[in-house]
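Asker: Starting off with a structure, shown below.
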Amino acid sequence: MIRSVQKTKILKSYYYSVDDLSRLFNYRVVRAGHILTGPEYHISRESVPGHEFIFCLNGAGYVRVDNQTHRVAPRELAWLPVQWPHAHFPDVETPWEIFWMRVNGPNLDKLMALLSVQTMPVFRFAKPELVIDKFEAVFSRAGAQPLQNYATCEVLVASLLEKLLESRNADTVEPHFTLHKGLSRLIGQIHNHYNDDWDIDRLADYCHVSKSHLFRLFHATFGQSPLGWLRSYRIAQAKRLLIETNETVSSISFRVGYDDPLHFSRDFKKRVGVSPKIFREQENW
């Protein structure tokens, strides 16, 4: 007997409007959906703006972050920092059924580090049905009046993040940089002023450490150099602006801290794999 192969079905797909009003809120849902995957379903990307939360309803699947692959079992959630190279795909024997949402927010990078998502992206819950409720409530907001939608989705995302915090014990919410007040303060300052003229001397002074200690802190916390992390953060913000606004590429390059649009475009293509213009075309479907 030939076994029938399940085909991927997009059961629900939502795209949430983003405008100037959305910036009044800390957490913004950009996209969301419900997918019944077949064994052929495979998503692999270099970088897109934001963070994705994938909840496995049935079956099983895998996520890849930082060149490490992690299995996701039923009723578990994977947090994918999709501004980094990443992938997710089903177990070919038992393809997963998933809820997913992509969220933007100014403090998600810091919270991600707090929860050690880079090395432990999979979360387990005592009451997974409460997490399912959060996703379904977000789905129900599609098509609502924008301002009301932004406010409600912010509450729902914050509630989901609360569940993620609950699922981790206190020991895992103490990465290196939370123990270093200078680095925590520096990251907060960069998040608010990433287009300033930062150099190694200024970064070290603001963190109140030597330049050599600054490099050790960034490598231990983020796995890259201080200026490498800053460029990655600026490119992530540029991707957000390319999707959320109609500003020119040149205007966006200045907004995120580049003084030469050509240098920005070269750096963007090197890190993302496509030019800013093509990236905008690909994401605005």
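Please note that chains go A, B, ... in the order of the structure tokens, that every chain numbers its residues from 1, and that ligands are numbered from 1 in the order shown.
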Please tabulate, as a tab-separated table, the residues of range 95-191 of chain A that come within 6 Å of range 29-45 of chain A, each with its closest pair of atoms and the distance in Å to one decimal, counting only C-alpha atoms and ordering rows by chain, then residue number upward.
Answerer:
residue	atom	partner	partner_atom	distance
A:Pro95	CA	A:Pro39	CA	5.6
A:Trp96	CA	A:Thr37	CA	5.8
A:Glu97	CA	A:Leu36	CA	4.4
A:Ile98	CA	A:Ile35	CA	5.4
A:Phe99	CA	A:His34	CA	4.6
A:Trp100	CA	A:Ala32	CA	5.4
A:Met101	CA	A:Ala32	CA	3.9
A:Arg102	CA	A:Arg31	CA	5.2
A:Val103	CA	A:Val29	CA	4.5
Asker: Restricting it to C-alpha atoms, dump the selection as a compact mmCIF listing (two decimals), in the first residue's frame.
Answerer:
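selection_35.txt written:
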# COMPACT_ATOMS: atom_id res chain seq x y z
CA PRO A 95 5.27 16.97 9.91
CA TRP A 96 4.19 19.61 12.32
CA GLU A 97 1.11 21.80 12.45
CA ILE A 98 2.05 25.25 13.68
CA PHE A 99 0.76 28.60 14.83
CA TRP A 100 3.25 31.40 14.14
CA MET A 101 3.59 35.13 14.48
CA ARG A 102 6.28 37.68 13.65
CA VAL A 103 6.69 40.53 16.13
Asker: Kindly indicate which residue among A:Tyr27, A:Phe53, A:Phe254, A:Trp84 lies nearest to Asn67 in chain A, using only C-alpha atoms for the distances.
Answerer: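 Of all the options, A:Trp84 lies closest to Asn67 in chain A.
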Asker: Between A:His88, A:Lys239, A:Arg75, A:His263, which one has atoms that come closest to Asn58 in chain A, using only C-alpha atoms?
Answerer: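 Looking only at the distances to Asn58 in chain A, the closest residue turns out to be A:Arg75.
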Asker: As a ChimeraX atom specification, list the residues of range 71-273 of chain A assigned to alpha helix (DSSP H) by DSSP on the backbone atoms of this structure.
Answerer: /A:108-114,128-140,146-167,181-192,200-207,211-222,226-244,249-255,261-272
